[in-house]
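Okay, structure-v3.csv now, which holds CSV, C-alpha atoms:
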```csv
chain,number,residue,atom,x,y,z
U,105,MET,CA,147.4,120.6,148.5
U,106,PRO,CA,146.1,122.7,145.5
U,107,THR,CA,145.4,120.9,142.3
U,108,LEU,CA,145.0,122.3,138.8
U,109,ALA,CA,141.4,121.2,138.6
U,110,GLY,CA,140.7,122.9,142.0
U,111,MET,CA,142.3,126.1,140.9
U,112,LEU,CA,140.4,126.1,137.6
U,113,SER,CA,137.2,125.4,139.5
U,114,SER,CA,137.8,128.3,142.0
U,115,TRP,CA,138.7,130.7,139.1
U,116,ARG,CA,135.4,129.7,137.4
U,117,GLU,CA,133.3,130.2,140.5
U,118,ALA,CA,134.9,133.5,141.2
U,119,SER,CA,134.3,134.7,137.6
U,120,LEU,CA,130.7,133.7,137.7
U,121,ARG,CA,130.1,135.1,141.2
U,122,SER,CA,131.2,138.5,139.9
U,123,GLY,CA,127.9,138.6,138.0
U,124,ASP,CA,129.4,140.6,135.2
U,125,LEU,CA,130.5,137.7,133.0
U,126,HIS,CA,127.9,135.4,131.4
U,127,GLU,CA,128.3,131.6,131.7
U,128,ASP,CA,129.0,131.2,128.0
U,129,GLU,CA,131.8,133.8,128.3
U,130,VAL,CA,133.3,132.1,131.3
U,131,ASP,CA,133.2,128.7,129.4
U,132,GLU,CA,135.2,130.3,126.6
U,133,LEU,CA,137.7,131.9,128.9
U,134,GLU,CA,138.1,128.7,130.8
U,135,SER,CA,138.8,126.8,127.6
U,136,HIS,CA,141.4,129.4,126.8
U,137,LEU,CA,143.0,129.0,130.2
U,138,ARG,CA,143.2,125.3,129.8
U,139,GLU,CA,144.8,125.6,126.3
U,140,HIS,CA,147.4,128.0,127.7
U,141,VAL,CA,148.2,125.8,130.7
U,142,ASP,CA,148.6,122.8,128.5
U,143,ALA,CA,151.0,124.7,126.2
U,144,LEU,CA,153.1,125.8,129.1
U,145,ALA,CA,153.0,122.4,130.7
U,146,ARG,CA,154.2,120.9,127.4
U,147,ALA,CA,157.1,123.3,127.6
U,148,GLY,CA,158.1,121.8,130.9
U,149,ILE,CA,156.5,124.3,133.3
U,150,ASP,CA,154.8,123.0,136.5
U,151,PRO,CA,151.0,122.9,135.8
U,152,LEU,CA,150.2,125.1,138.9
U,153,LEU,CA,152.7,127.7,137.9
U,154,ALA,CA,151.5,127.5,134.3
U,155,PHE,CA,148.0,128.2,135.6
U,156,GLU,CA,149.1,131.3,137.5
U,157,ALA,CA,151.0,132.5,134.4
U,158,ALA,CA,148.0,131.9,132.1
U,159,ARG,CA,145.6,133.5,134.5
U,160,ALA,CA,147.8,136.6,134.8
U,161,ARG,CA,148.0,136.9,131.1
U,162,LEU,CA,144.2,136.6,130.7
U,163,GLY,CA,143.6,139.3,133.3
U,164,ASN,CA,141.6,139.5,136.5
U,165,THR,CA,137.8,139.6,136.6
U,166,ASN,CA,137.8,143.4,136.7
U,167,GLN,CA,140.0,143.7,133.6
U,168,LEU,CA,137.9,141.1,131.8
U,169,THR,CA,134.7,142.8,132.7
U,170,SER,CA,135.9,146.1,131.6
U,171,GLU,CA,136.9,144.6,128.2
U,172,TYR,CA,133.4,143.0,127.8
U,173,GLN,CA,131.7,146.3,128.9
U,174,LYS,CA,133.3,148.1,126.0
U,175,VAL,CA,131.5,145.8,123.6
U,176,ARG,CA,128.3,145.8,125.6
U,177,ALA,CA,127.9,149.6,125.7
U,178,SER,CA,125.7,149.8,122.6
U,179,GLU,CA,123.9,146.6,123.6
U,180,SER,CA,122.8,148.0,126.9
U,181,THR,CA,121.0,150.9,125.2
U,182,GLN,CA,119.1,148.4,123.1
U,183,ASN,CA,118.6,146.3,126.2
U,184,ARG,CA,117.0,149.2,128.1
U,185,LEU,CA,114.8,150.2,125.2
U,186,ALA,CA,113.6,146.6,124.8
U,187,TRP,CA,112.8,146.3,128.5
U,188,MET,CA,110.9,149.6,128.4
U,189,LEU,CA,108.8,148.4,125.5
U,190,GLY,CA,108.3,145.1,127.1
U,191,GLY,CA,107.2,146.8,130.4
U,192,TYR,CA,104.9,149.0,128.5
U,193,LEU,CA,103.3,146.1,126.7
U,194,LEU,CA,102.8,144.2,130.0
U,195,ILE,CA,101.2,147.3,131.7
U,196,GLU,CA,99.0,147.8,128.7
U,197,SER,CA,97.9,144.2,128.8
U,198,LEU,CA,97.0,144.5,132.5
U,199,ARG,CA,95.3,147.9,131.9
U,200,THR,CA,93.1,146.4,129.2
U,201,THR,CA,92.3,143.4,131.4
U,202,ALA,CA,91.5,145.6,134.3
U,203,ARG,CA,89.3,147.9,132.2
U,204,LEU,CA,87.3,144.9,130.9
U,205,ALA,CA,86.9,143.5,134.5
U,206,ALA,CA,85.8,146.9,135.8
U,207,THR,CA,83.3,147.3,132.9
U,208,ALA,CA,82.0,143.8,133.5
U,209,ALA,CA,81.7,144.5,137.3
U,210,SER,CA,79.8,147.8,136.7
U,211,GLY,CA,77.2,146.0,134.7
U,212,THR,CA,77.8,147.9,131.5
U,213,GLY,CA,79.1,144.8,129.9
U,214,ILE,CA,82.0,144.1,127.6
U,215,HIS,CA,79.5,144.0,124.8
U,216,GLU,CA,78.7,147.7,125.3
U,217,GLN,CA,82.3,148.7,126.0
U,218,PHE,CA,83.6,147.5,122.7
U,219,GLY,CA,80.4,147.4,120.9
U,220,GLY,CA,78.7,144.4,119.2
U,221,SER,CA,80.2,141.0,118.7
U,222,SER,CA,83.3,142.6,117.2
U,223,GLY,CA,84.2,143.5,120.8
U,224,TRP,CA,85.3,139.9,121.4
U,225,VAL,CA,87.4,139.9,118.3
U,226,ALA,CA,89.0,143.1,119.5
U,227,LEU,CA,89.6,141.6,123.0
U,228,VAL,CA,91.3,138.5,121.6
U,229,ALA,CA,93.1,140.4,119.0
U,230,ILE,CA,94.6,142.9,121.4
U,231,HIS,CA,95.9,140.3,123.7
U,232,ALA,CA,97.2,138.2,120.9
U,233,ALA,CA,99.0,141.2,119.5
U,234,LEU,CA,100.4,142.1,122.9
U,235,LEU,CA,101.6,138.5,123.4
U,236,LEU,CA,103.3,138.5,120.0
U,237,GLY,CA,104.9,141.8,120.8
U,238,LEU,CA,106.2,140.5,124.0
U,239,ILE,CA,107.6,137.3,122.4
U,240,ALA,CA,109.2,139.4,119.7
U,241,LEU,CA,110.8,141.7,122.3
U,242,PHE,CA,112.0,139.0,124.7
U,243,GLY,CA,113.3,137.0,121.8
U,244,HIS,CA,115.6,140.0,121.2
U,245,ALA,CA,119.2,138.7,121.2
U,246,THR,CA,120.5,141.2,123.7
U,247,LEU,CA,117.9,140.2,126.3
U,248,ARG,CA,118.8,136.5,126.0
U,249,ALA,CA,121.9,137.3,127.9
U,250,SER,CA,119.9,138.3,131.0
U,251,THR,CA,119.3,134.9,132.5
U,252,THR,CA,119.8,135.8,136.2
U,253,ASN,CA,116.6,137.8,136.9
U,254,PRO,CA,113.2,136.2,137.6
U,255,VAL,CA,111.4,138.1,134.9
U,256,SER,CA,113.8,136.6,132.3
U,257,ARG,CA,113.3,133.2,133.7
U,258,LEU,CA,109.6,133.6,133.6
U,259,LEU,CA,109.8,134.6,130.0
U,260,ALA,CA,112.3,131.8,129.1
U,261,ARG,CA,109.6,129.9,127.3
U,262,GLY,CA,108.8,132.9,125.1
U,263,ARG,CA,112.4,133.4,124.3
U,264,GLN,CA,112.8,129.7,123.6
U,265,LEU,CA,109.9,129.9,121.2
U,266,ALA,CA,111.3,132.9,119.5
U,267,GLY,CA,114.9,131.9,119.6
U,268,SER,CA,114.4,128.5,118.2
U,269,ALA,CA,112.1,129.7,115.5
U,270,ALA,CA,113.1,128.8,111.9
U,271,PRO,CA,113.9,131.9,109.8
U,272,TRP,CA,110.5,131.9,108.1
U,273,ARG,CA,108.7,131.8,111.5
U,274,GLY,CA,110.4,135.1,112.4
U,275,TRP,CA,109.1,136.8,109.4
U,276,ALA,CA,105.7,135.2,109.9
U,277,LEU,CA,105.6,136.4,113.5
U,278,GLY,CA,106.2,140.0,112.4
U,279,VAL,CA,103.6,139.8,109.7
U,280,VAL,CA,101.0,138.2,112.0
U,281,THR,CA,101.6,140.9,114.6
U,282,LEU,CA,100.9,143.6,112.1
U,283,VAL,CA,97.8,141.9,110.7
U,284,VAL,CA,96.4,141.1,114.2
U,285,PHE,CA,97.1,144.7,115.3
U,286,ALA,CA,95.4,146.1,112.2
U,287,ALA,CA,92.4,143.8,112.8
U,288,ALA,CA,92.2,144.9,116.4
U,289,LEU,CA,92.1,148.5,115.5
U,290,PHE,CA,89.5,147.9,112.9
U,291,ALA,CA,87.4,145.9,115.2
U,292,ILE,CA,87.5,148.5,117.9
U,293,ASP,CA,86.6,151.3,115.6
U,294,TYR,CA,83.9,149.3,113.9
U,295,GLY,CA,82.6,148.3,117.3
U,296,GLN,CA,82.5,151.9,118.6
U,297,TRP,CA,80.8,153.1,115.5
U,298,TRP,CA,78.3,150.3,115.8
U,299,ALA,CA,77.7,151.1,119.5
U,300,VAL,CA,77.2,154.8,118.8
U,301,ALA,CA,74.8,154.1,116.0
U,302,ARG,CA,72.7,151.8,118.3
U,303,HIS,CA,72.9,153.8,121.6
U,304,GLN,CA,72.9,157.5,120.9
U,305,ALA,CA,72.5,158.2,124.6
U,306,SER,CA,75.8,156.7,125.5
U,307,ALA,CA,77.6,158.2,122.6
U,308,PRO,CA,79.5,160.8,124.6
U,309,ARG,CA,81.2,158.0,126.6
U,310,LEU,CA,82.5,156.4,123.5
U,311,ARG,CA,85.3,158.1,121.7
U,312,MET,CA,85.3,158.1,118.0
U,313,THR,CA,88.7,159.7,117.7
U,314,HIS,CA,91.9,158.5,119.2
U,315,HIS,CA,93.6,160.4,122.0
U,316,TRP,CA,97.3,161.2,121.4
U,317,PHE,CA,98.1,158.4,123.8
U,318,ASP,CA,96.3,155.9,121.6
U,319,LEU,CA,98.5,157.1,118.7
U,320,VAL,CA,101.6,156.3,120.7
U,321,GLU,CA,100.0,153.0,121.6
U,322,ALA,CA,99.3,152.4,117.9
U,323,ALA,CA,103.0,152.8,117.1
U,324,ILE,CA,104.2,150.4,119.7
U,325,LEU,CA,103.1,147.1,118.3
U,326,PRO,CA,104.2,147.8,114.7
U,327,THR,CA,107.5,148.7,116.3
U,328,CYS,CA,107.6,145.3,117.9
U,329,ALA,CA,106.8,143.7,114.6
U,330,VAL,CA,109.6,145.6,112.9
U,331,VAL,CA,112.0,144.5,115.7
U,332,ALA,CA,110.8,140.9,115.2
U,333,LEU,CA,111.3,141.2,111.4
U,334,LEU,CA,114.8,142.7,111.8
U,335,ARG,CA,116.0,140.5,114.6
U,336,PHE,CA,114.7,137.1,113.4
U,337,GLY,CA,115.1,137.9,109.7
U,338,ARG,CA,118.8,138.8,110.2
U,339,ARG,CA,119.5,136.1,112.8
U,340,SER,CA,119.2,133.3,110.3
U,341,LEU,CA,121.5,135.0,107.7
U,342,PRO,CA,125.1,134.6,109.0
U,343,GLU,CA,126.6,131.4,107.8
U,344,PRO,CA,130.3,130.5,107.5
U,345,ALA,CA,131.6,131.5,104.1
U,346,ARG,CA,133.0,128.9,101.7
U,347,LEU,CA,136.7,129.5,101.7
E,119,MET,CA,156.3,147.8,120.1
E,120,PRO,CA,153.2,149.4,118.5
E,121,THR,CA,151.1,151.7,120.8
E,122,LYS,CA,147.9,150.5,122.4
E,123,PRO,CA,145.6,152.6,120.0
E,124,LEU,CA,147.4,151.2,117.0
E,125,ILE,CA,147.1,147.6,118.3
E,126,ALA,CA,143.4,148.2,119.0
E,127,ALA,CA,142.9,149.6,115.5
E,128,SER,CA,144.5,146.7,113.8
E,129,THR,CA,142.6,144.0,115.8
E,130,ARG,CA,139.6,143.9,113.5
E,131,PRO,CA,141.4,143.6,110.2
E,132,LEU,CA,143.8,141.1,111.7
E,133,LEU,CA,141.1,138.9,113.1
E,134,LEU,CA,139.1,139.0,109.8
E,135,ALA,CA,142.3,138.2,107.8
E,136,ILE,CA,143.2,135.2,110.1
E,137,LEU,CA,139.6,133.8,109.9
E,138,CYS,CA,139.6,134.3,106.2
E,139,SER,CA,142.2,131.6,106.0
E,140,GLY,CA,140.0,129.2,107.9
E,141,GLU,CA,138.0,128.7,111.1
E,142,SER,CA,139.9,129.0,114.4
E,143,TYR,CA,139.5,129.5,118.1
E,144,GLY,CA,140.7,132.1,120.6
E,145,TYR,CA,144.0,130.7,121.8
E,146,ALA,CA,145.1,129.6,118.3
E,147,ILE,CA,144.2,133.1,117.0
E,148,ILE,CA,146.5,134.7,119.6
E,149,GLU,CA,149.3,132.3,118.8
E,150,ARG,CA,148.8,133.1,115.1
E,151,VAL,CA,149.1,136.8,115.7
E,152,ARG,CA,152.2,136.3,117.7
E,153,SER,CA,153.8,134.2,115.0
E,154,LEU,CA,152.7,136.6,112.1
E,155,SER,CA,154.1,139.6,113.9
E,156,SER,CA,157.2,137.7,115.2
E,157,GLY,CA,156.2,138.7,118.7
E,158,ARG,CA,156.0,142.4,118.0
E,159,LEU,CA,152.2,142.5,118.4
E,160,GLU,CA,151.3,141.3,121.9
E,161,TRP,CA,147.5,141.1,122.5
E,162,SER,CA,146.2,140.9,126.0
E,163,ASP,CA,144.3,137.6,126.0
E,164,GLY,CA,141.2,139.0,127.7
E,165,MET,CA,140.8,141.6,125.0
E,166,LEU,CA,140.3,139.1,122.2
E,167,TYR,CA,137.0,137.6,123.1
E,168,PRO,CA,134.9,140.7,123.4
E,169,VAL,CA,136.1,141.8,120.0
E,170,LEU,CA,135.3,138.4,118.5
E,171,HIS,CA,131.8,138.7,120.1
E,172,ARG,CA,131.3,142.1,118.6
E,173,LEU,CA,132.3,140.9,115.1
E,174,GLU,CA,129.8,138.0,115.6
E,175,LYS,CA,127.1,140.5,116.5
E,176,GLU,CA,127.9,142.5,113.4
E,177,GLY,CA,127.4,139.3,111.4
E,178,LEU,CA,131.0,139.2,110.1
E,179,ILE,CA,131.8,135.9,111.8
E,180,VAL,CA,129.9,133.0,113.3
E,181,SER,CA,130.8,130.7,116.1
E,182,ARG,CA,130.0,127.3,117.3
E,183,TRP,CA,131.2,125.0,120.1
E,184,ARG,CA,132.9,121.9,119.0
E,185,THR,CA,134.9,119.2,120.6
E,186,SER,CA,138.3,118.7,119.1
E,187,GLN,CA,139.8,115.3,118.3
E,188,ALA,CA,141.8,115.6,121.5
E,189,GLY,CA,138.5,115.9,123.4
E,190,ARG,CA,138.9,119.6,124.1
E,191,ARG,CA,135.8,121.7,123.9
E,192,ARG,CA,136.4,124.9,121.9
E,193,ARG,CA,134.4,127.7,120.4
E,194,TYR,CA,135.4,128.0,116.8
E,195,TYR,CA,134.9,131.1,114.8
E,196,ALA,CA,134.5,131.3,111.0
E,197,VAL,CA,134.1,134.2,108.7
E,198,THR,CA,130.8,134.9,106.9
E,199,GLU,CA,130.3,136.3,103.4
E,200,ARG,CA,129.9,139.7,104.9
E,201,GLY,CA,133.1,139.2,106.9
E,202,LEU,CA,134.9,138.3,103.7
E,203,ALA,CA,133.7,141.5,102.1
E,204,ALA,CA,134.6,143.5,105.2
E,205,SER,CA,138.1,142.0,105.2
E,206,ARG,CA,138.6,143.0,101.6
E,207,GLU,CA,137.5,146.5,102.5
E,208,GLU,CA,139.8,146.7,105.5
E,209,GLN,CA,142.7,145.5,103.3
E,210,ALA,CA,142.0,148.3,100.8
E,211,HIS,CA,141.9,150.9,103.6
E,212,TRP,CA,145.1,149.7,105.3
E,213,LYS,CA,146.9,149.5,102.0
E,214,SER,CA,146.1,153.1,101.2
E,215,VAL,CA,147.3,154.2,104.7
E,216,ASP,CA,150.5,152.2,104.1
E,217,ILE,CA,151.1,153.7,100.7
E,218,THR,CA,150.5,157.2,102.1
E,219,LEU,CA,152.8,156.8,105.0
E,220,ARG,CA,155.6,155.3,102.8
E,221,ARG,CA,155.3,158.3,100.5
E,222,ALA,CA,155.3,160.7,103.4
E,223,TRP,CA,158.4,159.1,105.0
E,224,ARG,CA,160.2,159.2,101.7
E,225,LEU,CA,159.7,162.9,101.6
E,226,SER,CA,161.0,163.6,105.1
```
Please express what this file holds, its structure, as structure tokens.
Amino acid sequence: MPTLAGMLSSWREASLRSGDLHEDEVDELESHLREHVDALARAGIDPLLAFEAARARLGNTNQLTSEYQKVRASESTQNRLAWMLGGYLLIESLRTTARLAATAASGTGIHEQFGGSSGWVALVAIHAALLLGLIALFGHATLRASTTNPVSRLLARGRQLAGSAAPWRGWALGVVTLVVFAAALFAIDYGQWWAVARHQASAPRLRMTHHWFDLVEAAILPTCAVVALLRFGRRSLPEPARL
Amino acid sequence: MPTKPLIAASTRPLLLAILCSGESYGYAIIERVRSLSSGRLEWSDGMLYPVLHRLEKEGLIVSRWRTSQAGRRRRYYAVTERGLAASREEQAHWKSVDITLRRAWRLS
């Protein structure tokens, strides 16, 4: 014999199974259904019939999804862009690590690759900047909705850090990203200049000017910092107005 | 009964106006619209929540989950300062449309 609790539970499971509605949204829709069923039951309608009526009025999963999609249309563009930037940063991080490993294996040494003791500063700074960039991106509000894929789960800690940050920490994160990035660039340039000055023979292998790709690269992290500033700075602002 | 596009256009100002009078939750908002329009404006229930979420993303309203005195868990929405300003702006726009239409109908 069907019960109201059972029907609500089935409806909830079906809505979540569709994969198009987030848990938070289903919670809210379920709360709405319960309100409507209660109101109809108070008017003397059988609870099971009341549930059917409330569900029909709310719309089926396809109709609900279509309504939510209208709102998410602009979000998905931001979402894609953020994922692209995140992917780029991850690849860049791996590329840097691989290059360092290859340099070390070939016997040239990290010391020579980056030049002088500033090479280590650059190494740490690059990875710190990449990490901050990733945290900034994956703390992005639109990405927090993606909780079903493994990458998002892996980065849950980063999102948690960014999401729970107090307002000033958001600003600090952006500023630190910029400073670390500037320090990394300076350290690399200084290191290369130093290496060239010390080892004239190996000078052709060390580039003094940035390739166009490096310029694009140089724009990525400040972009992340700006995203962090805008997202975290703004997130803290909305408060209920005093009416 | 107003057409679908007209209902859609009036959703935002109506929601802001209702929330300007105090925080509320989805089901109560729909009931309020029904009562204010004497049943002439029928919103589809499923359409309301995405619009509320959009307003929240725009920073015009904020939401929080709370348990009512009756023990029911609800998501309450409240207007922000920006929302108050947006509501005043909407009011001015709709009033000018209203005035223009009234004048035009008087001519015809």
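Closest approach to chain E among U:Ser119, U:Thr107, U:Ser113, U:Ser135: U:Ser135, based on all atoms listed in the file.
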Interface list for chain E, partner chain U, 10 Å threshold, only C-alpha atoms, as a PDB file with C-alpha atoms, in the frame of the given file:
```pdb
ATOM      1  CA  LEU E 137     139.600 133.800 109.900  1.00  0.00           C
ATOM      2  CA  CYS E 138     139.600 134.300 106.200  1.00  0.00           C
ATOM      3  CA  SER E 139     142.200 131.600 106.000  1.00  0.00           C
ATOM      4  CA  GLY E 140     140.000 129.200 107.900  1.00  0.00           C
ATOM      5  CA  GLU E 141     138.000 128.700 111.100  1.00  0.00           C
ATOM      6  CA  TYR E 143     139.500 129.500 118.100  1.00  0.00           C
ATOM      7  CA  GLY E 144     140.700 132.100 120.600  1.00  0.00           C
ATOM      8  CA  TYR E 145     144.000 130.700 121.800  1.00  0.00           C
ATOM      9  CA  ALA E 146     145.100 129.600 118.300  1.00  0.00           C
ATOM     10  CA  TRP E 161     147.500 141.100 122.500  1.00  0.00           C
ATOM     11  CA  SER E 162     146.200 140.900 126.000  1.00  0.00           C
ATOM     12  CA  ASP E 163     144.300 137.600 126.000  1.00  0.00           C
ATOM     13  CA  GLY E 164     141.200 139.000 127.700  1.00  0.00           C
ATOM     14  CA  MET E 165     140.800 141.600 125.000  1.00  0.00           C
ATOM     15  CA  LEU E 166     140.300 139.100 122.200  1.00  0.00           C
ATOM     16  CA  TYR E 167     137.000 137.600 123.100  1.00  0.00           C
ATOM     17  CA  PRO E 168     134.900 140.700 123.400  1.00  0.00           C
ATOM     18  CA  VAL E 169     136.100 141.800 120.000  1.00  0.00           C
ATOM     19  CA  LEU E 170     135.300 138.400 118.500  1.00  0.00           C
ATOM     20  CA  HIS E 171     131.800 138.700 120.100  1.00  0.00           C
ATOM     21  CA  ARG E 172     131.300 142.100 118.600  1.00  0.00           C
ATOM     22  CA  LEU E 173     132.300 140.900 115.100  1.00  0.00           C
ATOM     23  CA  GLU E 174     129.800 138.000 115.600  1.00  0.00           C
ATOM     24  CA  LYS E 175     127.100 140.500 116.500  1.00  0.00           C
ATOM     25  CA  GLU E 176     127.900 142.500 113.400  1.00  0.00           C
ATOM     26  CA  GLY E 177     127.400 139.300 111.400  1.00  0.00           C
ATOM     27  CA  LEU E 178     131.000 139.200 110.100  1.00  0.00           C
ATOM     28  CA  ILE E 179     131.800 135.900 111.800  1.00  0.00           C
ATOM     29  CA  VAL E 180     129.900 133.000 113.300  1.00  0.00           C
ATOM     30  CA  SER E 181     130.800 130.700 116.100  1.00  0.00           C
ATOM     31  CA  TRP E 183     131.200 125.000 120.100  1.00  0.00           C
ATOM     32  CA  ARG E 190     138.900 119.600 124.100  1.00  0.00           C
ATOM     33  CA  ARG E 191     135.800 121.700 123.900  1.00  0.00           C
ATOM     34  CA  ARG E 192     136.400 124.900 121.900  1.00  0.00           C
ATOM     35  CA  ARG E 193     134.400 127.700 120.400  1.00  0.00           C
ATOM     36  CA  TYR E 195     134.900 131.100 114.800  1.00  0.00           C
ATOM     37  CA  ALA E 196     134.500 131.300 111.000  1.00  0.00           C
ATOM     38  CA  VAL E 197     134.100 134.200 108.700  1.00  0.00           C
ATOM     39  CA  THR E 198     130.800 134.900 106.900  1.00  0.00           C
ATOM     40  CA  GLU E 199     130.300 136.300 103.400  1.00  0.00           C
ATOM     41  CA  ARG E 200     129.900 139.700 104.900  1.00  0.00           C
ATOM     42  CA  GLY E 201     133.100 139.200 106.900  1.00  0.00           C
ATOM     43  CA  LEU E 202     134.900 138.300 103.700  1.00  0.00           C
TER      44      LEU E 202
END
```
* Asked: Quick one, how far is CA of Ala203 in chain E from CA of Leu134 in chain E?
  -> 9.7 Å
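Atom pair CA of Glu208 in chain E / CA of Leu124 in chain E: separated by 14.5 Å.
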Tell me which protein, DNA and RNA residues are within 12 Å of range 152-155 of chain E, counting only C-alpha atoms, leaving out same-chain ones fewer than 3 positions away, and put them as a short mmCIF file (atom, residue, chain, number, x, y, z; two decimals) with C-alpha atoms, in the frame of the given file.
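For reference, result.cif as written:
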```cif
data_model
loop_
_atom_site.label_atom_id
_atom_site.label_comp_id
_atom_site.auth_asym_id
_atom_site.auth_seq_id
_atom_site.Cartn_x
_atom_site.Cartn_y
_atom_site.Cartn_z
CA MET E 119 156.30 147.80 120.10
CA PRO E 120 153.20 149.40 118.50
CA ILE E 125 147.10 147.60 118.30
CA SER E 128 144.50 146.70 113.80
CA LEU E 132 143.80 141.10 111.70
CA LEU E 133 141.10 138.90 113.10
CA ALA E 135 142.30 138.20 107.80
CA ILE E 136 143.20 135.20 110.10
CA TYR E 145 144.00 130.70 121.80
CA ALA E 146 145.10 129.60 118.30
CA ILE E 147 144.20 133.10 117.00
CA ILE E 148 146.50 134.70 119.60
CA GLU E 149 149.30 132.30 118.80
CA ARG E 158 156.00 142.40 118.00
CA LEU E 159 152.20 142.50 118.40
CA GLU E 160 151.30 141.30 121.90
CA TRP E 161 147.50 141.10 122.50
CA SER E 162 146.20 140.90 126.00
CA ASP E 163 144.30 137.60 126.00
#
```
* Asked: What is the CA of Thr129 in chain E to CA of Asp142 in chain U distance in Å?
  ->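 CA of Asp142 in chain U lies 25.4 Å from CA of Thr129 in chain E.
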